[in-house]
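One structure is given here, and the rest of the page talks about it.
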Amino acid sequence: RRAIEAAPRLAGAHANLAAALIRLGAAREAEVRARQALEIEPRLGPAHKCLGVALSLLGQSKEARSALEQAVRHDRDDPDAHYQLGVVEDELGHWDQALRCHQRALEIDPDFGPALSETLFLRRRLCRWDEHRELLDRFISALDAGGEGLKPFSFLSEESGPARQQQCARVWAAQIERRCQPLPPRRLTENPERITIGYLSSGFHRHPTACLTAEFFEHHDRGRFRTIAYSVGPDDGSALRHRLESAFDQFRHLQGRAFEAIAESVRADRVDILVDLRGYGGGAVSEVLAMRPAPLQVNWLAYPGTMGADFIDYIVVDPFVAPPEVVAHLDEQPVFLPHSYQPTDTTRDFSAIELSRAGCGLPDEGMIYCSFNNSYKFSKTLFAVWMRILNAVPDSVLWLLAGKAGTSTDANLRAHAKAQGVDPRRLKFMTKRPHLEYLARYTVADLFLDTLPYNAHTTASDALWAGCPVLTCPGETFASRVAGSLVGSAGAPELAVDSLDEYEATAIRLGQDQRARAALRTKLADARAEAPLFQTGAFCAAMEQAYETMYERAAAGRELLGFAIPP
């Protein structure tokens with residue numbers, strides 16, 4: 001700013017200020033400064049890059065792509081420009097183009113951590129499993145060297161184990177903490193009239209997290225708790241967004257605001273407990289949490305693992321997702337809810353939607369397996385198991401969520417099926433549907449096949465609410481144990497099996513035994529009235545008890561230790 005005062009026509013100073021503002025999360029002002037730089041020097045590559053990044057953060061992906069294409073044109077050897085263009089191509093659903101951008105960034109700088117993370121993740125998304133081991137080894141080597149920009153979320157889908165995931169999260173958290181100055185601490189007062197809970201998320205719109213939590217927020221006891229939403233994501237104008245806005249005492253729309261401004265808003269509201277509903281996923285603003293705007297800060301729901309950070313006090317779990325071997329690698333103190341740590345929105349009624357197999361593009365006869373997980377959760381090993389199941393159950397099909405239009409994901413999966421001796425036409429793909437229509441499709445499917453080592457989370461909850469059995473094989477990490485928690489809480493713990501061999505055998509047995517499948521569906525239908533997974537009011541009461549316990553211990557000056565809420 002001082003340089004601009006001294007030389008207002010210095011384009012590089014405006015561009016540098018835009019870059020600094022992006023690091024501070026101030027996307028709106030960064031956009032203004034980048035445009036000022038380009039008015040002075042239209043060919044300035046760094047200014048085009050900053051404009052593109054700012055527009056991306058503001059949800060204007062198409063405009064961001066145009067700016068970043070200019071950045072790459074004017075500065076071909078900047079790995080970050082290629083990486084940022086890849087990020088925007090990903091936002092637009094152009095996964096193949098995004099992968100090429102990230103690979104180009106790695107050609108320029110083989111140690112560029114963000115591009116390595118996204119290359120690993122996108123090749124999973126595209127189901128391009130060749131060279132996967134080599135990429136994973138590069139990621140782990142960079143992690144051991146303390147490399148910058150290695151994204152923990154990209155690591156959750158790998159067979160890495162809880163210790164490695166903790167290591168990755170700690171490295172990432174340390175990089176965030178170095179950039180942030182904590183606010184002065186604020187003490188809690190004992191016996192407050194109401195406890196103020198803040199929920200921080202980029203997913204307060206048509207988003208999986210919102211689909212799970214809307215009814216939960218509506219159940220909060222307004223006499224005991226004051227609730228505030230801090231939305232750092234888009235306002236999509238949807239009915240779900242309007243419902244969420246009505247569920248809180250206050251709703252703050254803060255997309256594009258500087259991290260410090262968001263933290264100051266939390267502090268000004270005197271939030272007692274700030275709940276992070278994003279973790280290290282896309283749209284996260286972990287820098288806000290690193291500034292410590294609230295006396296107590298909690299990791300819940302959206303990020304299935306430790307954040308590895310000193311600025312997070314608690315993580316909400318349940319006994320199934322966090323057995324002792326997982327707890328040993330959590331940097332937060334665990335708060336155990338009595339059943340599943342995940343709520344369900346039981347107000348979603350799709351009963352009026354009638355579907356036929358033919359109407360869904362499925363055969364009239366035969367077993368229908370489904371897995372509507374995102375494709376980054378698939379692996380070569382798991383897909384081979386699925387193909388053996390299809391081979392063992394004649395006339396069966398596997399119903400999957402279609403990849404983005406124009407990407408190679410579906411074609412790659414068909415090629416993998418053919419290589420496994422399965423007719424590619426036995427893979428069926430569902431394009432994205434309105435939420436209730438999507439839920440109704442679970443009434444047509446016979447069995448949901450879960451993924452490993454990153455389970456179905458919201459998707460498993462959706463399937464169970466719709467009455468579709470979910471077969472899962474819990475692993476070693478939090479992310480690999482969520483579906484096991486859900487089926488147990490839905491009253492069908494037998495659907496969580498001990499090994500992939502048992503998973504394969506169970507899927508084949510159920511595929512060949514229509515009576516057993518019908519019994520499972522009846523069991524799940526009966527469970528809707530009484531199983532803990534579908535008791536959202538009771539779930540909210542348990543969470544509120546957890547919040548009160550957190551508050552009371554901190555206000556009394558007691559050491560923050562993990563605890564369990566009794567059934």
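Quick note on naming: the chains in the structure tokens go A, B, ... in the order shown, residues restart at 1 in each chain, and ligands are numbered from 1 in order of appearance.
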DSSP on the backbone: what in region 445-482 of chain A comes out strand (DSSP E), as an mmCIF file with all heavy atoms, in the first residue's frame?
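Writing the result to out-v2.cif gives the following:
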```
data_model
loop_
_atom_site.group_PDB
_atom_site.id
_atom_site.type_symbol
_atom_site.label_atom_id
_atom_site.label_comp_id
_atom_site.auth_asym_id
_atom_site.auth_seq_id
_atom_site.Cartn_x
_atom_site.Cartn_y
_atom_site.Cartn_z
ATOM 1 N N LEU A 447 -28.610 -53.200 -3.509
ATOM 2 C CA LEU A 447 -27.550 -53.197 -2.504
ATOM 3 C C LEU A 447 -26.514 -52.137 -2.863
ATOM 4 O O LEU A 447 -26.053 -52.077 -4.001
ATOM 5 C CB LEU A 447 -26.865 -54.569 -2.416
ATOM 6 C CG LEU A 447 -25.744 -54.717 -1.389
ATOM 7 C CD1 LEU A 447 -26.289 -54.611 0.033
ATOM 8 C CD2 LEU A 447 -25.015 -56.058 -1.561
ATOM 9 N N PHE A 448 -26.177 -51.314 -1.885
ATOM 10 C CA PHE A 448 -25.138 -50.296 -2.050
ATOM 11 C C PHE A 448 -23.800 -50.918 -1.668
ATOM 12 O O PHE A 448 -23.643 -51.448 -0.567
ATOM 13 C CB PHE A 448 -25.446 -49.103 -1.137
ATOM 14 C CG PHE A 448 -24.532 -47.924 -1.313
ATOM 15 C CD1 PHE A 448 -25.009 -46.748 -1.882
ATOM 16 C CD2 PHE A 448 -23.216 -47.955 -0.891
ATOM 17 C CE1 PHE A 448 -24.192 -45.648 -2.031
ATOM 18 C CE2 PHE A 448 -22.382 -46.853 -1.038
ATOM 19 C CZ PHE A 448 -22.877 -45.695 -1.611
ATOM 20 N N LEU A 449 -22.837 -50.869 -2.580
ATOM 21 C CA LEU A 449 -21.482 -51.363 -2.318
ATOM 22 C C LEU A 449 -20.601 -50.188 -1.905
ATOM 23 O O LEU A 449 -20.356 -49.278 -2.693
ATOM 24 C CB LEU A 449 -20.910 -52.042 -3.566
ATOM 25 C CG LEU A 449 -21.651 -53.287 -4.051
ATOM 26 C CD1 LEU A 449 -21.009 -53.808 -5.339
ATOM 27 C CD2 LEU A 449 -21.671 -54.378 -2.984
ATOM 28 N N VAL A 470 -26.552 -50.991 2.882
ATOM 29 C CA VAL A 470 -25.197 -50.547 2.546
ATOM 30 C C VAL A 470 -24.213 -51.580 3.089
ATOM 31 O O VAL A 470 -24.130 -51.785 4.307
ATOM 32 C CB VAL A 470 -24.892 -49.158 3.144
ATOM 33 C CG1 VAL A 470 -23.440 -48.757 2.874
ATOM 34 C CG2 VAL A 470 -25.855 -48.110 2.597
ATOM 35 N N LEU A 471 -23.480 -52.207 2.210
ATOM 36 C CA LEU A 471 -22.452 -53.181 2.604
ATOM 37 C C LEU A 471 -21.108 -52.482 2.683
ATOM 38 O O LEU A 471 -20.657 -51.878 1.697
ATOM 39 C CB LEU A 471 -22.393 -54.321 1.594
ATOM 40 C CG LEU A 471 -21.342 -55.413 1.856
ATOM 41 C CD1 LEU A 471 -21.633 -56.149 3.165
ATOM 42 C CD2 LEU A 471 -21.279 -56.386 0.682
#
```
Under the rule of at most 9 Å, produce a per-residue listing of region 102-159 of chain A near region 91-95 of chain A: chain, number, name, the closest pair of atoms, and the distance in Å, as a tab-separated table, using only C-alpha atoms.
```
residue	atom	partner	partner_atom	distance
A:Leu122	CA	A:Trp95	CA	6.8
A:Arg123	CA	A:Trp95	CA	8.9
A:Arg125	CA	A:Trp95	CA	7.9
A:Leu126	CA	A:Trp95	CA	7.2
```
Residues of the last selection are to be written out with all heavy atoms, as a PDB file, in the first residue's frame.
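Dumped to out.pdb:
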```
ATOM      1  N   LEU A 122      -6.869 -36.039  -8.783  1.00  0.00           N
ATOM      2  CA  LEU A 122      -7.604 -36.046 -10.042  1.00  0.00           C
ATOM      3  C   LEU A 122      -7.447 -37.367 -10.795  1.00  0.00           C
ATOM      4  O   LEU A 122      -8.377 -37.825 -11.462  1.00  0.00           O
ATOM      5  CB  LEU A 122      -7.159 -34.880 -10.916  1.00  0.00           C
ATOM      6  CG  LEU A 122      -7.902 -33.563 -10.650  1.00  0.00           C
ATOM      7  CD1 LEU A 122      -7.166 -32.397 -11.283  1.00  0.00           C
ATOM      8  CD2 LEU A 122      -9.336 -33.631 -11.151  1.00  0.00           C
ATOM      9  N   ARG A 123      -6.287 -37.976 -10.700  1.00  0.00           N
ATOM     10  CA  ARG A 123      -6.129 -39.277 -11.357  1.00  0.00           C
ATOM     11  C   ARG A 123      -7.054 -40.300 -10.695  1.00  0.00           C
ATOM     12  O   ARG A 123      -7.572 -41.194 -11.369  1.00  0.00           O
ATOM     13  CB  ARG A 123      -4.670 -39.718 -11.330  1.00  0.00           C
ATOM     14  CG  ARG A 123      -3.770 -38.899 -12.257  1.00  0.00           C
ATOM     15  CD  ARG A 123      -2.339 -39.403 -12.245  1.00  0.00           C
ATOM     16  NE  ARG A 123      -2.212 -40.674 -12.943  1.00  0.00           N
ATOM     17  CZ  ARG A 123      -1.938 -40.801 -14.236  1.00  0.00           C
ATOM     18  NH1 ARG A 123      -1.775 -39.724 -14.992  1.00  0.00           N
ATOM     19  NH2 ARG A 123      -1.835 -41.994 -14.792  1.00  0.00           N
ATOM     20  N   ARG A 125      -9.969 -39.419  -9.383  1.00  0.00           N
ATOM     21  CA  ARG A 125     -11.293 -38.988  -9.828  1.00  0.00           C
ATOM     22  C   ARG A 125     -11.596 -39.486 -11.241  1.00  0.00           C
ATOM     23  O   ARG A 125     -12.730 -39.830 -11.563  1.00  0.00           O
ATOM     24  CB  ARG A 125     -11.356 -37.459  -9.792  1.00  0.00           C
ATOM     25  CG  ARG A 125     -12.686 -36.886  -9.406  1.00  0.00           C
ATOM     26  CD  ARG A 125     -12.565 -35.397  -9.220  1.00  0.00           C
ATOM     27  NE  ARG A 125     -13.662 -34.893  -8.428  1.00  0.00           N
ATOM     28  CZ  ARG A 125     -13.785 -33.619  -8.093  1.00  0.00           C
ATOM     29  NH1 ARG A 125     -12.873 -32.750  -8.463  1.00  0.00           N
ATOM     30  NH2 ARG A 125     -14.822 -33.220  -7.383  1.00  0.00           N
ATOM     31  N   LEU A 126     -10.559 -39.489 -12.082  1.00  0.00           N
ATOM     32  CA  LEU A 126     -10.718 -39.947 -13.455  1.00  0.00           C
ATOM     33  C   LEU A 126     -10.573 -41.463 -13.582  1.00  0.00           C
ATOM     34  O   LEU A 126     -10.694 -42.007 -14.676  1.00  0.00           O
ATOM     35  CB  LEU A 126      -9.678 -39.254 -14.342  1.00  0.00           C
ATOM     36  CG  LEU A 126      -9.918 -37.758 -14.564  1.00  0.00           C
ATOM     37  CD1 LEU A 126      -8.650 -37.089 -15.088  1.00  0.00           C
ATOM     38  CD2 LEU A 126     -11.078 -37.537 -15.517  1.00  0.00           C
TER      39      LEU A 126
END
```
Legend entry - Two-atom distance - CA of Gln535 (chain A), CA of Ser246 (chain A) (Å): 21.3 Å
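Look at region 20-28 of chain A: the protein and nucleic acid residues within 8 Å of it, using only C-alpha atoms and passing over chain neighbours fewer than 5 places away, are Cys50, Val53, Ala54, Leu55, Leu57, Leu58, Gly256, Arg257, Ala258, Phe259 and Glu260 of chain A.
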Legend entry - Given only C-alpha atoms as the counted atoms, nearest of A:Val385, A:Ala98, A:Leu150, A:Val482 to Pro304 (chain A): A:Val482
Legend entry - Which of A:Asp526, A:Glu177, A:Glu148, A:Glu131 sits closest to Ala115 (chain A) [using only C-alpha atoms]: A:Glu148
Legend entry - Every residue of region 228-426 of chain A that DSSP places in helix (DSSP H, G or I), as a VMD selection string: chain A and resid 239 to 247 259 to 268 286 to 290 324 to 327 358 to 360 375 to 377 380 to 392 409 to 419 424 to 426
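Close contacts of Arg65 (chain A), defined as residues with an atom at most 10 Å away when counting only C-alpha atoms, with chain neighbours fewer than 5 positions off set aside, comprise A:Lys49, A:Leu51, A:Gly52, A:Val53, A:Leu55, A:Ser56, A:Gln60, A:Gln70, A:Ala71, A:Gln84, A:Leu85, A:Gly86, A:Val87, A:Val88, A:Glu89, A:Glu91, A:Leu92.
Nearest-residue note for Gln333 (chain A): choosing from A:Leu560, A:Cys180, A:Leu289, A:Leu200, the minimum distance belongs to A:Leu560, counting only C-alpha atoms.
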Inset, instruction - Do a neighbour search on Ile353 (chain A) at 9 Å with only C-alpha atoms, toss out local chain neighbours closer than 5 positions, and write the hits as a ChimeraX atom specification. - result: /A:436-437,440
